[in-house]
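Q: Have a peek at my_file.cif (mmCIF, C-alpha atoms).
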data_run
loop_
_atom_site.label_atom_id
_atom_site.label_comp_id
_atom_site.auth_asym_id
_atom_site.auth_seq_id
_atom_site.Cartn_x
_atom_site.Cartn_y
_atom_site.Cartn_z
CA MET N 1 -243.53 196.06 -188.58
CA ASN N 2 -246.25 197.19 -186.17
CA ALA N 3 -245.63 200.76 -185.01
CA SER N 4 -246.71 199.71 -181.51
CA PRO N 5 -245.90 196.03 -180.89
CA ALA N 6 -247.12 194.23 -177.78
CA VAL N 7 -243.59 193.52 -176.50
CA SER N 8 -240.24 195.26 -176.85
CA VAL N 9 -237.12 193.33 -175.86
CA VAL N 10 -234.06 195.39 -174.91
CA VAL N 11 -230.67 193.65 -175.17
CA PRO N 12 -227.55 195.54 -173.99
CA MET N 13 -224.36 194.09 -175.45
CA PHE N 14 -220.63 194.65 -175.27
CA ASN N 15 -218.22 192.35 -177.11
CA GLU N 16 -220.55 189.35 -177.28
CA GLU N 17 -220.09 188.37 -180.94
CA GLU N 18 -220.06 184.60 -180.23
CA ASN N 19 -223.35 184.73 -178.35
CA LEU N 20 -225.60 186.86 -180.51
CA SER N 21 -226.63 184.41 -183.22
CA ILE N 22 -227.61 181.87 -180.58
CA LEU N 23 -229.42 184.49 -178.52
CA GLN N 24 -231.36 185.80 -181.48
CA SER N 25 -232.47 182.29 -182.41
CA GLU N 26 -233.60 181.62 -178.83
CA LEU N 27 -235.46 184.93 -178.70
CA ARG N 28 -237.35 184.07 -181.89
CA SER N 29 -238.43 180.76 -180.38
CA ALA N 30 -239.46 182.30 -177.07
CA LEU N 31 -241.45 185.08 -178.75
CA THR N 32 -243.20 182.96 -181.38
CA GLY N 33 -246.75 184.16 -181.86
CA LEU N 34 -246.13 187.47 -180.08
CA ASP N 35 -246.12 190.82 -181.86
CA HIS N 36 -242.69 192.04 -180.80
CA GLU N 37 -239.57 194.03 -181.56
CA ILE N 38 -235.98 193.49 -180.40
CA ILE N 39 -233.67 196.40 -179.70
CA PHE N 40 -229.98 195.55 -179.46
CA VAL N 41 -227.92 198.30 -177.84
CA ASP N 42 -224.25 198.00 -178.77
CA ASP N 43 -222.33 199.57 -175.92
CA GLY N 44 -219.24 200.50 -177.95
CA SER N 45 -218.19 196.92 -178.82
CA THR N 46 -214.73 196.54 -180.32
CA ASP N 47 -215.48 193.13 -181.88
CA ARG N 48 -218.01 192.17 -184.58
CA SER N 49 -221.05 192.04 -182.28
CA ALA N 50 -223.19 194.35 -184.40
CA GLU N 51 -222.34 192.42 -187.57
CA LYS N 52 -223.54 189.16 -186.01
CA ILE N 53 -227.10 190.41 -185.58
CA GLU N 54 -229.51 189.19 -188.24
CA ARG N 55 -231.42 192.16 -189.62
CA ALA N 56 -235.22 192.03 -189.78
CA PRO N 57 -238.10 194.54 -189.85
CA ASN N 58 -238.66 194.04 -186.12
CA VAL N 59 -234.98 194.23 -185.17
CA ARG N 60 -233.29 197.53 -184.37
CA ILE N 61 -229.70 198.29 -183.39
CA LEU N 62 -228.55 201.31 -181.39
CA ARG N 63 -224.79 201.79 -181.44
CA PHE N 64 -222.90 203.91 -178.90
CA GLU N 65 -219.80 205.76 -180.04
CA LYS N 66 -217.88 204.35 -177.08
CA ASN N 67 -218.38 202.00 -174.15
CA THR N 68 -220.62 203.79 -171.66
CA GLY N 69 -221.90 201.03 -169.38
CA GLN N 70 -224.84 198.72 -168.86
CA SER N 71 -227.05 201.37 -167.29
CA ALA N 72 -226.69 203.68 -170.29
CA ALA N 73 -227.36 200.82 -172.72
CA LEU N 74 -230.49 199.72 -170.87
CA TYR N 75 -231.78 203.27 -170.49
CA ALA N 76 -231.23 204.11 -174.17
CA GLY N 77 -232.99 200.92 -175.21
CA ILE N 78 -235.91 201.52 -172.87
CA LYS N 79 -236.35 205.08 -174.16
CA ALA N 80 -236.42 203.76 -177.73
CA VAL N 81 -239.10 201.09 -177.29
CA ARG N 82 -242.43 201.17 -179.10
CA GLY N 83 -244.10 198.30 -177.26
CA GLN N 84 -246.49 198.36 -174.32
CA THR N 85 -244.43 195.86 -172.32
CA ILE N 86 -240.65 196.00 -172.01
CA VAL N 87 -238.44 192.96 -171.47
CA MET N 88 -234.75 193.32 -170.50
CA ILE N 89 -232.31 190.48 -171.03
CA ASP N 90 -228.52 190.08 -171.03
CA SER N 91 -226.64 189.17 -174.22
CA ASP N 92 -224.24 186.68 -172.60
CA LEU N 93 -226.67 183.71 -172.81
CA GLN N 94 -226.78 183.30 -169.04
CA ASN N 95 -230.36 184.57 -168.99
CA ASP N 96 -232.73 182.11 -170.70
CA PRO N 97 -235.17 183.60 -173.24
CA ALA N 98 -237.48 180.65 -172.59
CA ASP N 99 -238.41 182.38 -169.31
CA ILE N 100 -239.83 185.44 -171.09
CA PRO N 101 -243.38 184.05 -171.53
CA ARG N 102 -243.55 183.44 -167.77
CA LEU N 103 -242.61 187.05 -167.07
CA LEU N 104 -245.23 188.28 -169.52
CA GLU N 105 -247.84 186.08 -167.88
CA GLU N 106 -247.23 187.85 -164.56
CA ILE N 107 -247.68 191.20 -166.33
CA SER N 108 -251.01 189.99 -167.72
CA ARG N 109 -252.06 189.11 -164.15
CA GLY N 110 -251.54 192.69 -163.02
CA ALA N 111 -247.90 193.08 -162.04
CA ASP N 112 -246.18 196.28 -163.12
CA LEU N 113 -242.61 194.96 -162.86
CA VAL N 114 -241.56 191.31 -162.85
CA CYS N 115 -238.04 190.59 -161.62
CA GLY N 116 -236.39 187.29 -162.34
CA TYR N 117 -234.15 185.85 -159.65
CA ARG N 118 -231.50 183.24 -160.26
CA ALA N 119 -232.54 180.41 -157.96
CA LYS N 120 -229.60 178.22 -159.01
CA ARG N 121 -226.76 180.46 -160.13
CA LYS N 122 -224.09 179.06 -162.41
CA ASP N 123 -221.32 181.38 -161.23
CA THR N 124 -218.20 180.96 -159.12
CA PHE N 125 -218.60 180.71 -155.34
CA ALA N 126 -216.90 184.09 -154.86
CA LYS N 127 -219.27 185.78 -157.27
CA ARG N 128 -222.33 184.17 -155.69
CA LEU N 129 -221.21 185.17 -152.19
CA SER N 130 -220.41 188.77 -153.10
CA SER N 131 -223.72 189.10 -154.94
CA ARG N 132 -225.66 187.67 -151.99
CA ILE N 133 -224.08 190.15 -149.59
CA ALA N 134 -224.64 193.09 -151.94
CA ASN N 135 -228.26 192.13 -152.55
CA PHE N 136 -228.93 191.72 -148.83
CA VAL N 137 -227.56 195.17 -147.99
CA ARG N 138 -229.12 196.93 -150.97
CA SER N 139 -232.55 195.35 -150.54
CA ARG N 140 -232.92 196.53 -146.96
CA PHE N 141 -231.33 199.92 -147.42
CA THR N 142 -233.35 200.94 -150.50
CA LYS N 143 -236.43 198.95 -149.38
CA ASP N 144 -236.98 197.37 -152.78
CA TYR N 145 -237.17 193.92 -151.11
CA VAL N 146 -235.88 192.21 -154.24
CA ARG N 147 -233.51 189.30 -153.69
CA ASP N 148 -231.53 189.47 -156.96
CA THR N 149 -231.42 192.88 -158.59
CA GLY N 150 -228.31 191.76 -160.50
CA CYS N 151 -230.47 189.53 -162.69
CA THR N 152 -231.10 191.58 -165.82
CA LEU N 153 -234.07 189.47 -166.91
CA LYS N 154 -237.10 191.62 -166.12
CA ALA N 155 -240.39 192.67 -167.68
CA MET N 156 -242.32 195.85 -166.99
CA ARG N 157 -245.17 197.94 -168.24
CA ARG N 158 -244.00 200.78 -170.42
CA GLU N 159 -245.28 203.46 -168.05
CA CYS N 160 -242.89 202.23 -165.35
CA ALA N 161 -240.01 203.68 -167.35
CA ASP N 162 -241.10 207.15 -166.21
CA SER N 163 -239.79 206.26 -162.73
CA LEU N 164 -236.26 205.60 -163.95
CA VAL N 165 -233.51 208.18 -163.48
CA PRO N 166 -230.51 208.00 -165.83
CA PHE N 167 -227.27 207.67 -163.87
CA LYS N 168 -224.29 205.33 -163.89
CA GLY N 169 -225.29 202.25 -161.91
CA MET N 170 -229.03 202.73 -162.48
CA HIS N 171 -229.49 199.11 -163.62
CA ARG N 172 -228.89 197.87 -160.06
CA PHE N 173 -231.72 200.03 -158.71
CA ILE N 174 -234.48 199.55 -161.27
CA PRO N 175 -236.73 197.74 -158.74
CA ALA N 176 -236.16 200.41 -156.06
CA LEU N 177 -236.93 203.27 -158.45
CA ILE N 178 -240.05 201.62 -159.84
CA ARG N 179 -241.37 200.53 -156.45
CA GLY N 180 -240.71 204.08 -155.26
CA GLY N 181 -242.96 205.28 -158.08
CA GLY N 182 -245.86 203.38 -156.57
CA TYR N 183 -245.83 200.37 -158.89
CA GLN N 184 -246.36 196.73 -157.93
CA LEU N 185 -243.44 194.28 -158.15
CA VAL N 186 -243.32 190.50 -158.18
CA GLU N 187 -240.40 188.06 -158.38
CA ILE N 188 -240.21 184.69 -160.09
CA PRO N 189 -237.36 182.17 -160.26
CA VAL N 190 -235.65 181.97 -163.64
CA ASN N 191 -233.10 179.69 -165.25
CA HIS N 192 -229.46 180.72 -165.06
CA ARG N 193 -226.85 179.22 -167.34
CA PRO N 194 -223.05 179.13 -167.23
CA ARG N 195 -221.26 181.50 -169.58
CA ARG N 196 -220.25 179.63 -172.73
CA PHE N 197 -218.35 182.29 -174.65
CA GLY N 198 -216.51 185.49 -173.80
CA GLN N 199 -215.74 186.94 -170.40
CA THR N 200 -217.75 188.68 -167.73
CA LYS N 201 -217.55 192.46 -167.97
CA TYR N 202 -218.08 193.26 -164.32
CA GLY N 203 -216.13 192.37 -161.17
CA PHE N 204 -217.06 192.79 -157.51
CA GLY N 205 -213.97 194.77 -156.61
CA SER N 206 -214.49 197.31 -159.37
CA ARG N 207 -218.11 198.01 -158.53
CA ALA N 208 -218.47 197.65 -154.74
CA LEU N 209 -217.53 201.23 -153.82
CA ARG N 210 -219.54 202.77 -156.64
CA ALA N 211 -222.57 200.62 -155.82
CA THR N 212 -222.38 201.72 -152.17
CA ILE N 213 -222.26 205.40 -153.12
CA ASP N 214 -225.14 204.87 -155.56
CA MET N 215 -227.15 203.15 -152.82
CA PHE N 216 -226.95 206.22 -150.61
CA GLY N 217 -227.89 208.42 -153.56
CA VAL N 218 -230.93 206.31 -154.43
CA ARG N 219 -232.05 206.26 -150.79
CA TRP N 220 -231.86 210.06 -150.74
CA LEU N 221 -233.66 210.34 -154.07
CA LEU N 222 -236.51 208.11 -152.94
CA SER N 223 -236.88 210.10 -149.73
CA ARG N 224 -237.27 213.29 -151.81
CA ARG N 225 -239.62 211.91 -154.46
CA LEU N 226 -242.69 214.03 -155.18
CA ASN N 227 -245.94 212.21 -154.44
CA TYR N 228 -249.17 213.92 -155.46
CA LYS N 229 -252.54 213.18 -157.04
CA ILE N 230 -254.77 215.51 -159.02
CA ARG N 231 -258.20 215.97 -157.44
CA ASP N 232 -261.29 215.27 -159.51
CA SER N 233 -262.97 218.52 -160.45
#
Can the structure in the file be given as structure tokens, please?
A:
Amino acid sequence: MNASPAVSVVVPMFNEEENLSILQSELRSALTGLDHEIIFVDDGSTDRSAEKIERAPNVRILRFEKNTGQSAALYAGIKAVRGQTIVMIDSDLQNDPADIPRLLEEISRGADLVCGYRAKRKDTFAKRLSSRIANFVRSRFTKDYVRDTGCTLKAMRRECADSLVPFKGMHRFIPALIRGGGYQLVEIPVNHRPRRFGQTKYGFGSRALRATIDMFGVRWLLSRRLNYKIRDS
């Protein structure tokens, strides 16, 4: 195992035991020929998710003592990476690992953060509508100008992680925080698949108020960010 692989893939998971073998197989295919590691972050699963992961020298598992949330799982995984480029992907099989090479290609062209957006979402009408409204409001209020921040599938240069602030709900504001740090963002359409196994862990009603409060907090944080450059001596 290379101590500093080219790519680190971070996979947050919570009770996804039926999906993980398939996901791991798809990740291997998508990453063929790339020096990489995969970090699975078990967010306090109560099923056999961790047991379903095939161990390998380039596979690591972080296990939370209890369910803490997607933001905590992503942040812990990002802080643990060894690679120069970080890829984030959901464990529910709705993100397609086959899109990863396209994200990495945009990084090689100079992008700092590449955000996938689900051009053809395979969700219920209610979920698509609520997400569209939330994205519209958030994008203009935080000025991240990203159309689908709810899509976990992203790739970024490792140094971008310094712009992230650990708080509950952070995962919805990754583009805003990184753009606020002065980095360049691009978006590309990615495949979105219907959920085959298990149940969604997040509902609009349970997150709308918290997301709104977070949005105001992020707007305030970005307005107070320190911006300075060291002069050449």
Q: Kindly resolve the PyMOL selection byres ((chain N and resi 76) around 12) on the present coordinates and return the residues as an NGL selection string.
A: :N and (10-12 or 39-43 or 61-64 or 68-75 or 77-81 or 88 or 161 or 164-167 or 170-171)
Q: Could you tell me which of N:Leu222, N:Ile178, N:Ala3, N:Leu185 comes closest to Gly110 of chain N if we count only C-alpha atoms?
A: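 Closest to Gly110 of chain N, using only C-alpha atoms: N:Leu185.
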Q: Between N:Ser8, N:Gln94, N:Gln184, N:Thr149, single out the one closest to Ala111 of chain N, counting only C-alpha atoms.
A: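 For Ala111 of chain N, the nearest of the candidates is N:Gln184.
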Q: Quick one, how far is atom CA of Phe197 of chain N from atom CA of Glu18 of chain N?
A: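 Going from atom CA of Phe197 of chain N over to atom CA of Glu18 of chain N covers 6.3 Å.
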Q: Can you tell me which residues surround Tyr117 of chain N at a distance of at most 7 Å, considering only C-alpha atoms, apart from same-chain residues fewer than 4 positions away, and format the answer as a PyMOL selection string?
A: chain N and resi 147-148+151+187-190
Q: Could you save those same residues with C-alpha atoms as a PDB file, keeping the file's coordinate frame?
A:
ATOM      1  CA  ARG N 147    -233.510 189.300-153.690  1.00  0.00           C
ATOM      2  CA  ASP N 148    -231.530 189.470-156.960  1.00  0.00           C
ATOM      3  CA  CYS N 151    -230.470 189.530-162.690  1.00  0.00           C
ATOM      4  CA  GLU N 187    -240.400 188.060-158.380  1.00  0.00           C
ATOM      5  CA  ILE N 188    -240.210 184.690-160.090  1.00  0.00           C
ATOM      6  CA  PRO N 189    -237.360 182.170-160.260  1.00  0.00           C
ATOM      7  CA  VAL N 190    -235.650 181.970-163.640  1.00  0.00           C
TER       8      VAL N 190
END
Q: From (-236.5, 185.9, -188.2), in the file's coordinates, out to 12 Å: which residues are reached, counting all atoms listed in the file? Answer as an MDAnalysis selection string.
A: chainID N and resid 21 24:29 31:32 36:38 53:59
Q: Please compute the atom CA of Ile213 of chain N-atom CA of Phe14 of chain N distance, one decimal, in Å.
A: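 According to the coordinates, atom CA of Ile213 of chain N and atom CA of Phe14 of chain N are separated by 24.7 Å.
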Q: So what do you get for atom CA of Asp96 of chain N versus atom CA of Asn191 of chain N, distance-wise?
A: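 Going from atom CA of Asp96 of chain N over to atom CA of Asn191 of chain N covers 6.0 Å.
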Q: Have a look at N:Met156, N:Ile86, N:Ile22, N:Leu177 and name the one nearest to Arg225 of chain N; count only C-alpha atoms.
A: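 For Arg225 of chain N, the nearest of the given residues is N:Leu177.
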